[in-house]
Structure formats: structure tokens, C-alpha cells
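input_1.tsv follows; it contains TSV, C-alpha atoms.
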chain	number	residue	atom	x	y	z
A	1	PHE	CA	9.97	-18.71	-21.07
A	2	PHE	CA	9.84	-22.45	-20.36
A	3	LYS	CA	9.09	-23.14	-24.02
A	4	ARG	CA	12.18	-21.11	-24.98
A	5	GLU	CA	10.06	-18.87	-27.16
A	6	PRO	CA	10.96	-15.23	-27.76
A	7	GLN	CA	9.17	-12.89	-25.38
A	8	LYS	CA	7.25	-9.81	-26.43
A	9	PRO	CA	8.72	-6.45	-25.39
A	10	GLU	CA	5.71	-5.63	-23.22
A	11	SER	CA	5.66	-8.99	-21.39
A	12	MET	CA	7.79	-7.89	-18.43
A	13	SER	CA	5.83	-4.65	-18.00
A	14	GLN	CA	2.57	-6.63	-17.97
A	15	ILE	CA	3.96	-9.02	-15.35
A	16	ALA	CA	5.15	-6.08	-13.21
A	17	THR	CA	1.71	-4.46	-13.52
A	18	VAL	CA	-0.05	-7.64	-12.41
A	19	ILE	CA	2.32	-8.12	-9.45
A	20	SER	CA	1.91	-4.50	-8.30
A	21	ASP	CA	-1.88	-4.89	-8.59
A	22	ARG	CA	-1.89	-8.08	-6.49
A	23	ILE	CA	0.25	-6.69	-3.68
A	24	ARG	CA	-2.29	-5.01	-1.42
A	25	VAL	CA	-2.55	-4.00	2.22
A	26	PRO	CA	-5.66	-4.90	4.27
A	27	TRP	CA	-7.64	-1.78	5.08
A	28	LEU	CA	-10.71	-1.09	7.17
A	29	TRP	CA	-12.41	1.21	4.65
A	30	GLY	CA	-12.89	0.29	1.01
A	31	GLY	CA	-11.16	-3.08	1.14
A	32	ALA	CA	-7.50	-3.83	0.53
A	33	GLN	CA	-5.49	-0.91	-0.82
A	34	LYS	CA	-2.83	-1.14	-3.52
A	35	LEU	CA	0.75	-0.73	-2.33
A	36	ASP	CA	3.10	1.26	-4.53
A	37	LEU	CA	6.25	-0.85	-4.83
A	38	SER	CA	8.46	2.25	-4.94
A	39	ILE	CA	7.72	2.78	-1.23
A	40	VAL	CA	9.32	-0.50	-0.16
A	41	PRO	CA	13.05	-0.17	-1.13
A	42	PRO	CA	13.85	2.74	1.25
A	43	LEU	CA	12.23	0.88	4.15
A	44	ILE	CA	14.62	-2.05	3.64
A	45	LEU	CA	17.77	-0.54	2.16
A	46	LEU	CA	18.25	2.43	4.51
A	47	PRO	CA	18.44	0.50	7.83
A	48	ALA	CA	20.41	-2.32	6.23
A	49	LEU	CA	23.01	0.00	4.69
A	50	LEU	CA	23.37	2.15	7.83
A	51	HIS	CA	23.88	-0.91	10.04
A	52	LEU	CA	26.39	-2.27	7.53
A	53	ALA	CA	28.27	1.03	7.50
A	54	ALA	CA	28.52	0.97	11.31
A	55	LEU	CA	30.60	-2.24	11.28
A	56	HIS	CA	33.83	-0.60	10.09
A	57	PHE	CA	34.92	2.85	8.97
A	58	LEU	CA	35.94	1.54	5.52
A	59	LEU	CA	32.46	0.08	5.05
A	60	GLY	CA	31.08	3.42	6.23
A	61	ILE	CA	33.06	5.28	3.56
A	62	MET	CA	31.89	2.87	0.86
A	63	VAL	CA	28.22	2.94	1.88
A	64	LEU	CA	27.99	6.70	2.43
A	65	THR	CA	29.63	7.24	-0.96
A	66	ALA	CA	27.52	4.71	-2.86
A	67	LEU	CA	24.16	5.65	-1.30
A	68	PRO	CA	23.99	9.22	-2.69
A	69	GLY	CA	25.22	7.94	-6.05
A	70	LEU	CA	22.49	5.30	-6.11
A	71	VAL	CA	19.82	7.88	-5.27
A	72	LEU	CA	21.08	10.28	-7.96
A	73	TRP	CA	21.13	7.48	-10.54
A	74	TYR	CA	17.55	6.55	-9.73
A	75	TYR	CA	16.56	10.22	-9.87
A	76	TYR	CA	17.95	10.69	-13.38
A	77	PHE	CA	16.43	7.35	-14.45
A	78	THR	CA	12.93	8.34	-13.35
A	79	HIS	CA	13.36	11.96	-14.49
A	80	ARG	CA	14.17	10.79	-18.01
A	81	LYS	CA	11.01	8.66	-18.11
A	82	LYS	CA	8.89	11.54	-16.70
A	83	GLY	CA	7.09	9.15	-14.37
A	84	ARG	CA	5.76	9.67	-10.86
A	85	THR	CA	7.36	7.68	-8.06
A	86	LEU	CA	6.98	7.59	-4.29
A	87	PHE	CA	10.56	6.40	-3.78
A	88	PHE	CA	11.99	9.80	-2.85
A	89	LEU	CA	9.05	10.81	-0.64
A	90	SER	CA	9.29	7.45	1.12
A	91	LEU	CA	13.06	7.89	1.55
A	92	ALA	CA	12.64	11.40	2.95
A	93	LEU	CA	9.89	10.52	5.42
A	94	PHE	CA	11.51	7.27	6.53
A	95	SER	CA	14.90	8.96	6.95
A	96	LEU	CA	13.31	11.57	9.21
A	97	ALA	CA	11.40	8.95	11.20
A	98	TYR	CA	14.37	6.56	11.48
A	99	MET	CA	16.77	9.29	12.59
A	100	TYR	CA	14.28	10.38	15.25
A	101	TYR	CA	13.84	6.75	16.35
A	102	LEU	CA	17.59	6.28	16.78
A	103	PHE	CA	17.80	9.62	18.60
A	104	ILE	CA	15.20	8.41	21.14
A	105	TRP	CA	16.51	4.87	21.61
A	106	GLU	CA	20.27	5.28	21.19
A	107	VAL	CA	21.25	8.88	22.01
A	108	LEU	CA	18.75	9.84	24.72
A	109	PRO	CA	19.60	6.95	27.13
A	110	ARG	CA	23.26	8.02	27.19
A	111	GLY	CA	22.33	10.96	29.39
A	112	GLY	CA	23.84	13.77	27.36
A	113	VAL	CA	20.49	15.09	26.15
A	114	GLY	CA	18.07	16.88	28.47
A	115	GLN	CA	14.33	17.42	28.32
A	116	VAL	CA	14.69	20.84	26.70
A	117	GLU	CA	16.78	19.42	23.85
A	118	LEU	CA	14.29	16.57	23.40
A	119	VAL	CA	11.36	18.99	23.20
A	120	ALA	CA	13.25	21.16	20.69
A	121	VAL	CA	14.03	18.22	18.40
A	122	THR	CA	10.49	16.84	18.67
A	123	SER	CA	8.99	20.25	17.91
A	124	GLY	CA	11.25	20.61	14.88
A	125	VAL	CA	10.15	17.22	13.53
A	126	ILE	CA	6.46	18.07	14.05
A	127	LEU	CA	6.80	21.49	12.38
A	128	THR	CA	8.61	19.91	9.44
A	129	LEU	CA	5.83	17.35	8.95
A	130	LEU	CA	3.11	20.02	9.24
A	131	ALA	CA	4.83	22.23	6.66
A	132	LEU	CA	5.30	19.20	4.39
A	133	PHE	CA	1.62	18.30	4.72
A	134	HIS	CA	0.64	21.84	3.71
A	135	THR	CA	3.09	21.73	0.79
A	136	LYS	CA	1.53	18.51	-0.48
A	137	ARG	CA	-1.77	20.29	-0.98
A	138	ASN	CA	-2.84	22.05	-4.19
A	139	PRO	CA	0.19	23.84	-5.71
A	140	GLY	CA	-2.11	26.19	-7.65
A	141	VAL	CA	-3.60	24.23	-10.54
A	142	VAL	CA	-4.86	26.37	-13.41
A	143	ARG	CA	-8.64	26.12	-13.63
A	144	PRO	CA	-10.57	26.57	-16.89
A	145	ASP	CA	-11.66	30.17	-17.45
A	146	ARG	CA	-14.78	30.46	-19.54
A	147	GLU	CA	-13.76	33.96	-20.62
A	148	ASN	CA	-10.54	32.73	-22.21
A	149	VAL	CA	-11.21	29.20	-23.38
A	150	HIS	CA	-12.36	28.94	-27.00
A	151	SER	CA	-15.47	26.83	-26.55
A	152	THR	CA	-17.71	25.13	-29.08
A	153	VAL	CA	-21.35	24.85	-28.03
A	154	MET	CA	-23.72	22.44	-29.74
A	155	TYR	CA	-27.41	23.44	-29.78
A	156	TYR	CA	-29.74	20.53	-30.44
A	157	ALA	CA	-32.83	22.72	-30.76
A	158	PRO	CA	-33.95	24.78	-33.79
A	159	LEU	CA	-32.70	28.34	-33.68
A	160	PRO	CA	-35.03	31.26	-34.49
A	161	ASP	CA	-35.59	31.90	-38.22
A	162	ARG	CA	-33.67	28.74	-39.12
A	163	ASP	CA	-34.66	25.77	-41.21
A	164	LEU	CA	-35.29	22.69	-39.09
A	165	SER	CA	-33.46	20.49	-41.56
A	166	PHE	CA	-30.31	22.65	-41.39
A	167	ASN	CA	-27.33	20.53	-40.23
A	168	GLY	CA	-29.59	17.82	-38.89
A	169	GLY	CA	-31.23	20.05	-36.33
A	170	SER	CA	-27.92	21.00	-34.69
A	171	GLN	CA	-26.11	24.29	-35.00
A	172	GLU	CA	-22.47	24.80	-34.01
A	173	VAL	CA	-21.63	28.18	-32.56
A	174	SER	CA	-18.01	29.12	-31.84
A	175	GLN	CA	-17.47	31.82	-29.27
A	176	THR	CA	-14.24	33.51	-28.28
A	177	ALA	CA	-13.34	35.96	-25.55
A	178	ALA	CA	-13.09	38.77	-28.13
A	179	SER	CA	-16.63	38.29	-29.42
A	180	ARG	CA	-18.04	38.16	-25.89
A	181	THR	CA	-16.47	41.46	-24.88
A	182	GLY	CA	-17.14	43.27	-28.13
A	183	SER	CA	-13.46	44.08	-28.78
A	184	THR	CA	-12.18	45.32	-32.07
A	185	GLU	CA	-10.93	42.89	-34.70
A	186	LYS	CA	-7.31	43.83	-34.05
A	187	GLU	CA	-7.59	43.28	-30.32
A	188	GLY	CA	-9.46	40.07	-30.96
A	189	ALA	CA	-6.71	38.83	-33.26
A	190	GLU	CA	-4.05	39.68	-30.68
A	191	LEU	CA	-6.03	37.93	-27.97
A	192	MET	CA	-6.49	34.87	-30.13
A	193	GLU	CA	-2.78	34.79	-30.91
A	194	SER	CA	-1.90	35.12	-27.22
A	195	SER	CA	-4.41	32.43	-26.29
A	196	ARG	CA	-3.07	30.15	-29.00
A	197	ARG	CA	0.48	30.65	-27.74
A	198	ASN	CA	-0.45	29.96	-24.11
A	199	TRP	CA	-2.98	27.24	-24.88
A	200	CYS	CA	-2.31	23.86	-23.25
A	201	SER	CA	-3.69	21.09	-25.42
A	202	VAL	CA	-3.38	18.56	-22.57
A	203	CYS	CA	-5.25	20.48	-19.85
A	204	ARG	CA	-7.35	22.44	-22.40
A	205	VAL	CA	-6.80	25.74	-20.59
A	206	VAL	CA	-5.16	29.05	-21.41
A	207	ARG	CA	-2.12	29.39	-19.17
A	208	PRO	CA	-1.65	32.74	-17.39
A	209	PRO	CA	1.80	34.37	-17.49
A	210	ARG	CA	4.50	32.37	-15.67
A	211	ALA	CA	2.29	29.28	-15.47
A	212	GLY	CA	3.62	26.02	-16.84
A	213	HIS	CA	2.59	22.46	-17.59
A	214	CYS	CA	4.13	19.67	-15.51
A	215	ARG	CA	4.53	16.54	-17.60
A	216	ILE	CA	4.91	14.40	-14.47
A	217	CYS	CA	1.76	15.57	-12.66
A	218	GLY	CA	-0.13	16.19	-15.92
A	219	VAL	CA	-1.53	19.59	-14.85
A	220	CYS	CA	-0.81	23.27	-15.44
A	221	VAL	CA	0.37	25.12	-12.33
A	222	LEU	CA	0.35	28.85	-11.59
A	223	ARG	CA	3.87	30.28	-11.35
A	224	LEU	CA	5.37	26.83	-11.67
A	225	ASP	CA	8.79	26.66	-10.05
A	226	HIS	CA	9.68	22.98	-10.44
A	227	HIS	CA	8.46	19.46	-9.76
A	228	CYS	CA	10.05	18.27	-6.52
A	229	VAL	CA	10.55	14.51	-6.36
A	230	TRP	CA	11.12	14.65	-2.59
A	231	ILE	CA	7.51	15.68	-2.00
A	232	ASN	CA	6.14	14.02	-5.16
A	233	ASN	CA	4.37	17.23	-6.07
A	234	CYS	CA	4.79	20.46	-7.99
A	235	VAL	CA	5.97	23.65	-6.32
A	236	GLY	CA	3.85	26.55	-7.51
A	237	GLN	CA	2.21	29.75	-6.44
A	238	ALA	CA	-0.02	28.20	-3.77
A	239	ASN	CA	2.57	26.06	-1.93
A	240	HIS	CA	5.93	27.75	-2.62
A	241	ARG	CA	5.98	29.50	0.77
A	242	SER	CA	5.24	26.29	2.70
A	243	PHE	CA	7.89	24.48	0.64
A	244	LEU	CA	10.47	27.05	1.75
A	245	LEU	CA	9.31	26.68	5.36
A	246	THR	CA	9.67	22.88	5.09
A	247	LEU	CA	13.29	23.26	4.03
A	248	ILE	CA	14.04	25.75	6.81
A	249	PHE	CA	12.42	23.65	9.56
A	250	PHE	CA	14.16	20.49	8.36
A	251	LEU	CA	17.58	22.12	8.13
A	252	LEU	CA	17.35	23.71	11.59
A	253	THR	CA	16.13	20.45	13.16
A	254	SER	CA	18.76	18.38	11.37
A	255	LEU	CA	21.67	20.66	12.28
A	256	TYR	CA	20.59	20.78	15.91
A	257	GLY	CA	20.10	17.01	16.05
A	258	ILE	CA	23.50	16.33	14.47
A	259	SER	CA	25.21	18.59	17.01
A	260	LEU	CA	23.51	16.76	19.89
A	261	VAL	CA	24.51	13.36	18.53
A	262	LEU	CA	28.15	14.39	18.04
A	263	GLN	CA	28.30	15.88	21.52
A	264	CYS	CA	27.04	12.56	22.88
A	265	VAL	CA	29.29	10.13	20.95
A	266	CYS	CA	32.35	12.42	20.76
A	267	PRO	CA	32.23	14.46	23.99
A	268	ARG	CA	35.93	15.33	23.89
A	269	GLN	CA	35.87	16.73	20.37
A	270	ASN	CA	34.61	20.00	18.99
A	271	VAL	CA	31.30	19.68	17.16
A	272	LEU	CA	32.78	21.21	13.99
A	273	THR	CA	35.64	18.67	13.85
A	274	ALA	CA	33.93	15.61	15.37
A	275	LEU	CA	32.62	14.42	11.98
A	276	LEU	CA	36.19	14.25	10.62
A	277	TYR	CA	38.00	13.00	13.71
A	278	CYS	CA	36.34	11.03	16.50
A	279	PRO	CA	38.79	8.46	17.97
A	280	GLY	CA	37.32	5.27	19.41
A	281	VAL	CA	33.88	5.80	17.93
A	282	TYR	CA	33.91	2.35	16.26
A	283	ASN	CA	34.83	0.51	19.46
A	284	GLN	CA	31.15	0.14	20.34
A	285	TYR	CA	28.52	-0.74	17.74
A	286	SER	CA	25.77	1.56	19.06
A	287	THR	CA	28.17	4.51	19.10
A	288	ALA	CA	29.32	3.70	15.57
A	289	LEU	CA	25.70	3.50	14.42
A	290	CYS	CA	24.92	6.97	15.85
A	291	PHE	CA	28.08	8.36	14.25
A	292	THR	CA	27.14	6.84	10.88
A	293	CYS	CA	23.63	8.30	11.09
A	294	ALA	CA	25.14	11.70	11.89
A	295	TRP	CA	27.21	11.44	8.71
A	296	TYR	CA	24.17	10.38	6.69
A	297	SER	CA	22.13	13.28	8.07
A	298	SER	CA	24.98	15.66	7.24
A	299	ILE	CA	25.00	14.52	3.61
A	300	VAL	CA	21.22	14.97	3.34
A	301	THR	CA	21.46	18.35	5.07
A	302	GLY	CA	24.15	19.50	2.66
A	303	GLY	CA	21.99	18.63	-0.36
A	304	LEU	CA	18.94	20.38	1.05
A	305	PHE	CA	21.01	23.40	2.04
A	306	HIS	CA	22.04	23.76	-1.61
A	307	LEU	CA	18.37	23.53	-2.61
A	308	LEU	CA	17.44	26.19	-0.04
A	309	LEU	CA	20.26	28.45	-1.24
A	310	VAL	CA	19.05	28.20	-4.85
A	311	GLN	CA	15.48	28.95	-3.75
A	312	VAL	CA	16.52	32.04	-1.77
A	313	ILE	CA	18.58	33.37	-4.68
A	314	ASN	CA	15.78	32.79	-7.20
A	315	ILE	CA	13.23	34.48	-4.96
A	316	SER	CA	15.57	37.44	-4.49
A	317	TYR	CA	15.71	37.87	-8.29
A	318	ASN	CA	12.03	36.94	-8.82
A	319	VAL	CA	12.92	34.02	-11.05
A	320	THR	CA	11.46	30.53	-10.92
A	321	GLU	CA	13.61	27.45	-11.41
A	322	ARG	CA	11.76	26.72	-14.64
A	323	GLU	CA	12.40	30.24	-15.98
A	324	ALA	CA	16.06	30.10	-14.94
A	325	ARG	CA	16.66	26.85	-16.82
A	326	ALA	CA	14.89	28.16	-19.93
A	327	ALA	CA	16.89	31.43	-19.81
A	328	LEU	CA	20.19	29.57	-19.45
A	329	ARG	CA	19.26	27.26	-22.30
A	330	GLU	CA	18.32	30.17	-24.57
A	331	LYS	CA	21.18	32.38	-23.27
A	332	THR	CA	18.85	35.27	-22.47
A	333	ALA	CA	19.86	35.84	-18.82
A	334	ARG	CA	22.86	36.95	-16.85
A	335	SER	CA	24.40	34.19	-14.77
A	336	ALA	CA	27.12	34.19	-12.13
A	337	TYR	CA	28.82	31.73	-9.79
A	338	TRP	CA	28.59	28.79	-12.21
A	339	GLY	CA	24.89	29.31	-12.89
A	340	LEU	CA	23.89	29.54	-9.23
A	341	VAL	CA	22.68	33.13	-9.70
A	342	VAL	CA	20.41	33.69	-12.72
A	343	ASP	CA	18.91	37.10	-13.42
A	344	THR	CA	16.44	37.37	-16.29
A	345	GLY	CA	15.48	40.97	-15.47
A	346	VAL	CA	11.89	40.40	-16.58
A	347	TYR	CA	9.89	40.28	-13.36
A	348	SER	CA	12.36	41.71	-10.85
A	349	LEU	CA	11.02	44.45	-8.57
A	350	GLY	CA	14.11	44.83	-6.43
A	351	LEU	CA	15.10	42.72	-3.44
A	352	ARG	CA	12.42	44.08	-1.12
A	353	GLY	CA	9.71	44.05	-3.78
A	354	ASN	CA	10.54	40.50	-4.86
A	355	TRP	CA	10.30	39.12	-1.33
A	356	SER	CA	7.13	41.10	-0.67
A	357	GLU	CA	5.55	39.62	-3.78
A	358	PHE	CA	6.67	36.12	-2.81
A	359	ILE	CA	5.24	36.37	0.71
A	360	SER	CA	1.88	37.66	-0.49
A	361	MET	CA	1.48	35.75	-3.76
A	362	GLY	CA	-0.40	32.84	-2.17
A	363	ASP	CA	-3.06	35.23	-0.87
A	364	ASN	CA	-3.99	36.36	-4.39
A	365	LEU	CA	-5.40	32.99	-5.42
A	366	LYS	CA	-9.15	32.87	-5.83
A	367	PRO	CA	-10.87	29.62	-4.79
A	368	ALA	CA	-12.26	27.45	-7.53
A	369	SER	CA	-15.93	28.10	-8.22
A	370	PRO	CA	-18.41	25.22	-8.51
A	371	ALA	CA	-18.76	25.98	-12.25
A	372	ASP	CA	-15.01	25.57	-12.74
A	373	LEU	CA	-15.01	22.26	-10.86
A	374	VAL	CA	-17.89	20.97	-12.96
Would you write out, as C-alpha cells, the structure that this file holds?
Amino acid sequence: FFKREPQKPESMSQIATVISDRIRVPWLWGGAQKLDLSIVPPLILLPALLHLAALHFLLGIMVLTALPGLVLWYYYFTHRKKGRTLFFLSLALFSLAYMYYLFIWEVLPRGGVGQVELVAVTSGVILTLLALFHTKRNPGVVRPDRENVHSTVMYYAPLPDRDLSFNGGSQEVSQTAASRTGSTEKEGAELMESSRRNWCSVCRVVRPPRAGHCRICGVCVLRLDHHCVWINNCVGQANHRSFLLTLIFFLLTSLYGISLVLQCVCPRQNVLTALLYCPGVYNQYSTALCFTCAWYSSIVTGGLFHLLLVQVINISYNVTEREARAALREKTARSAYWGLVVDTGVYSLGLRGNWSEFISMGDNLKPASPADLV
């Protein structure tokens, strides 16, 4: 750069890689740990923007309008590159922690919140974190099945009645699931065709029905619904129930917390109208900050409520988000309400049967055997 020479296209990416490798946090076990730079922006931007928005209602309108737009832009930017990022998980966790911090230090001292309300909000936060922790576990990764995978075994010992000089002492034997089970040639051909169609060349496994490969996580997941950036993990057969519980706990805690905050900063107004009209709320900075955080929480709650609504509808029709998008793209499903309701009619067992299958589907997973792990 100082020599005014043209830079190579990969120069900036190499510099960014070196910087991210050098930024480490001291740790007691295993030495200093690398710090993902995508964690840092939410920790700085969220408090700064919320405090800026509390200065004046016009600044509040600008910030609360620009912040969701900025998050959506970054989402589409990272989604197009199919890369993993901790930005959204950091934003979600820090938003929850920061809202709870302001609730303790700004709302609780005002005297409008009792011990019962405090215990209810604290319990909601703890249940949300526990459900999120369970959701972050294995979503149901497809393990290699030796009965389905077309394997090639190399024998480096002479086979019976074989010439020792044949193929340099090594014999290649190809085995398929059809030859192992003694099926007919027609069944074997159909099985090979099905295995070829469901074969994942990246994970080198045969995907069961409704399983899919996540290009962000790089694994195949049983009954893959979608990759959720807010938890930085896939939602599949093993963690779909806990993902739904996380949304429900968060929404209930958020709605209850917002109502308590509005009752405290706008005691003369109805809770349903206090967000739109709360006179004198910007006369004191702490009150304005609580009001701004209530608005921010309402925006987040609205987005997650839409996500919960889509999940409930898809479960009621026994359709995953991945299958719904593919059916809409191929025009093979019935859709209503601007694509909110998608019915493929392939796996539906009726409303009761669909929910019964959803509630019990995580119990049908068999644990990975030591042979599969090896």
C-alpha cells in the first residue's frame, strides 16, 4: 500500500484472518482462546444506539427504524455467502441480558414492580436460556449407516484360490446393501437408484426421507426444518421441540416484561396504548431509556411472534420450512394468506396426528453407536 502497488484480491482477507487469529482472550484452560469478531458489534452498538435513541423521540424513531434494517441487511449479506456467524446469537443473548439488566437497575427501584413480578420475569429468563441451551445441542445429524452406504473395502492379504501377484496383492471388493441382504436384481437396482438420489457427496451418507444437507453447518440433519441464525444452529428432528419452547418462553417473558415497564413509566396510560402515546416520557432520561427499550423489545417480539406463527402453521400441516420453500418454488403445494400457509399434502396426518408426531418425533432417535462414531 505504501509503495502504491496494486493489491491482490485476497490481501484484505488474509489481513482480516491474521487479525482475528491474534485477538484472543486469556483463559485458564488451554491458553488464550480465539475471539470471534462477530460477537463484538452487538456488545457495542446495542447500548450505544439505545442510549442515543433515548435522547429525543425523533432520534428514537430514526434508531428504531434503522436498527432492524441494519440487522436484516447483515442477515441477507451473510445468508448469500452461506457462512456461519455468531453475530445474531450474540445479539439475541446480549439483548436478553441487557433488557434484564435495565429491568433490575432502572424499573425495579421505581417501586411499581413487586417480588412476585420479579420472580416471574427471572424464571422466564432462566427457562428461555435452558430451552436455548437444549436447542443448541445435536439437531439430529445423520450418521453413516453401514447397511446403506456403498463401501469399498481393500484387502491387503491374498484371498483363497487367488494368485498372489493379482493386482499387487490387493483385491477390491464392492459391497452394496442389496448384495448383503440377498435381494433380487430389480429390488437391488431400485435401492441403488434411491441411494444414488439421496446420496450426499459431502457427508458421504444416504439421507433418510425428509433429511437435508445444511450448507452452513456442513452436515445432513434428520427432518431438517431450517438453519436458524439466531441460535447459530440447524433446527431438526432432535431439537425442533426445544426450539419451539424457546420461542414460547421468550415471547411470554418479553410480553410480560414490556407490560411491567409500560405500567411503570406510563402509569396513567393503558398498556395497549402506552407504546403509541405516553406524554412526558422524555422529560427524564432514565424514563426515556426504559420506554425506548420497551419499543425495542416490542419490535423483537413482533419478529419472533411471526416466526412462532409460521412454525405452528407448518407443524399443523406437517411441513418443514425447507419443504414449504421447495414446494412454493416448484409450485407443487397449495398456499394461502400470501404464502403463510403451505400445504403439500404429502406427510399430513390431520391436525391431531401431525402434532402427535411432532411431540414424539424426538423420542424415535436412536443414539449413535461407537461404530458409527468411529
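Counting all atoms listed in the file, the residue from A:Arg197, A:Arg4, A:Arg204, A:His306 that sits nearest to Leu247 in chain A is A:His306.
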*State, in Å with one decimal place, the distance from CA of Gly280 in chain A to CA of Ala66 in chain A.*
24.3 Å
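If you look at CA of Leu252 in chain A and CA of Val116 in chain A, they are 15.6 Å away from each other.
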_Could you check the closest approach to Thr128 in chain A for each of A:His227, A:Leu251, A:Ile15, A:Leu108 and tell me which residue wins, using all atoms listed in the file?_
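Between A:His227, A:Leu251, A:Ile15, A:Leu108, the residue approaching Thr128 in chain A most closely is A:Leu251.
Excluding Leu309 in chain A and any residue on its chain fewer than 5 positions from it, the residues at most 9 Å away by all atoms listed in the file are A:Leu304, A:Asn314, A:Leu340.
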*With all atoms listed in the file as the atoms that count, which of A:Lys8, A:His56, A:Arg24, A:Arg84 lies nearest to Ser38 in chain A?*
A:Arg84
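One finds CA of Val341 in chain A at 25.7 Å from CA of Trp73 in chain A.
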*asked:* With distances taken over all atoms listed in the file, which residue among A:Ile23, A:Val119, A:Arg241, A:Val113 lies nearest Ser360 in chain A?
replied: A:Arg241
*Between A:Leu262, A:Leu102, A:Leu91, A:Val310, which is the closest to Ala294 in chain A once you count all atoms listed in the file?*
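Closest candidate: A:Leu262.
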*Residues near Glu323 in chain A, cut-off 9 Å, only C-alpha atoms, skip fewer than 3 positions along chain, as a PyMOL selection string*: chain A and resi 210+224-225+319-320+326-328+344
*Which one is closest to Glu117 in chain A: A:Leu70, A:Cys217, A:Ile44, A:Ile258? Count all atoms listed in the file.*
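Using all atoms listed in the file, Glu117 in chain A sits closest to A:Ile258.
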_Close residues, Gly257 in chain A itself excluded, 12 Å, only C-alpha atoms, min 2 positions apart in chain, as a PyMOL selection string_ = chain A and resi 96+99-100+102-104+107-108+113+117-125+250-255+259-264+271+290-291+293-295+297-298+301
Would you output that residue set with C-alpha atoms, as a CSV table (one decimal), in the frame of the given file?
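Wrote selection26.csv, looks like this:
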chain,number,residue,atom,x,y,z
A,96,LEU,CA,13.3,11.6,9.2
A,99,MET,CA,16.8,9.3,12.6
A,100,TYR,CA,14.3,10.4,15.2
A,102,LEU,CA,17.6,6.3,16.8
A,103,PHE,CA,17.8,9.6,18.6
A,104,ILE,CA,15.2,8.4,21.1
A,107,VAL,CA,21.2,8.9,22.0
A,108,LEU,CA,18.8,9.8,24.7
A,113,VAL,CA,20.5,15.1,26.2
A,117,GLU,CA,16.8,19.4,23.8
A,118,LEU,CA,14.3,16.6,23.4
A,119,VAL,CA,11.4,19.0,23.2
A,120,ALA,CA,13.2,21.2,20.7
A,121,VAL,CA,14.0,18.2,18.4
A,122,THR,CA,10.5,16.8,18.7
A,123,SER,CA,9.0,20.2,17.9
A,124,GLY,CA,11.2,20.6,14.9
A,125,VAL,CA,10.2,17.2,13.5
A,250,PHE,CA,14.2,20.5,8.4
A,251,LEU,CA,17.6,22.1,8.1
A,252,LEU,CA,17.4,23.7,11.6
A,253,THR,CA,16.1,20.4,13.2
A,254,SER,CA,18.8,18.4,11.4
A,255,LEU,CA,21.7,20.7,12.3
A,259,SER,CA,25.2,18.6,17.0
A,260,LEU,CA,23.5,16.8,19.9
A,261,VAL,CA,24.5,13.4,18.5
A,262,LEU,CA,28.2,14.4,18.0
A,263,GLN,CA,28.3,15.9,21.5
A,264,CYS,CA,27.0,12.6,22.9
A,271,VAL,CA,31.3,19.7,17.2
A,290,CYS,CA,24.9,7.0,15.8
A,291,PHE,CA,28.1,8.4,14.2
A,293,CYS,CA,23.6,8.3,11.1
A,294,ALA,CA,25.1,11.7,11.9
A,295,TRP,CA,27.2,11.4,8.7
A,297,SER,CA,22.1,13.3,8.1
A,298,SER,CA,25.0,15.7,7.2
A,301,THR,CA,21.5,18.4,5.1
*Radius query 10 Å about (32.9, 4.0, 18.2), atoms used: all atoms listed in the file, as a count of residues only*: 21
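Residues having any atom no farther than 6 Å from (14.1, 37.5, -5.2) (counting only C-alpha atoms) are Asn314, Ile315, Ser316, Tyr317, Asn318, Leu351, Asn354 and Trp355 of chain A.
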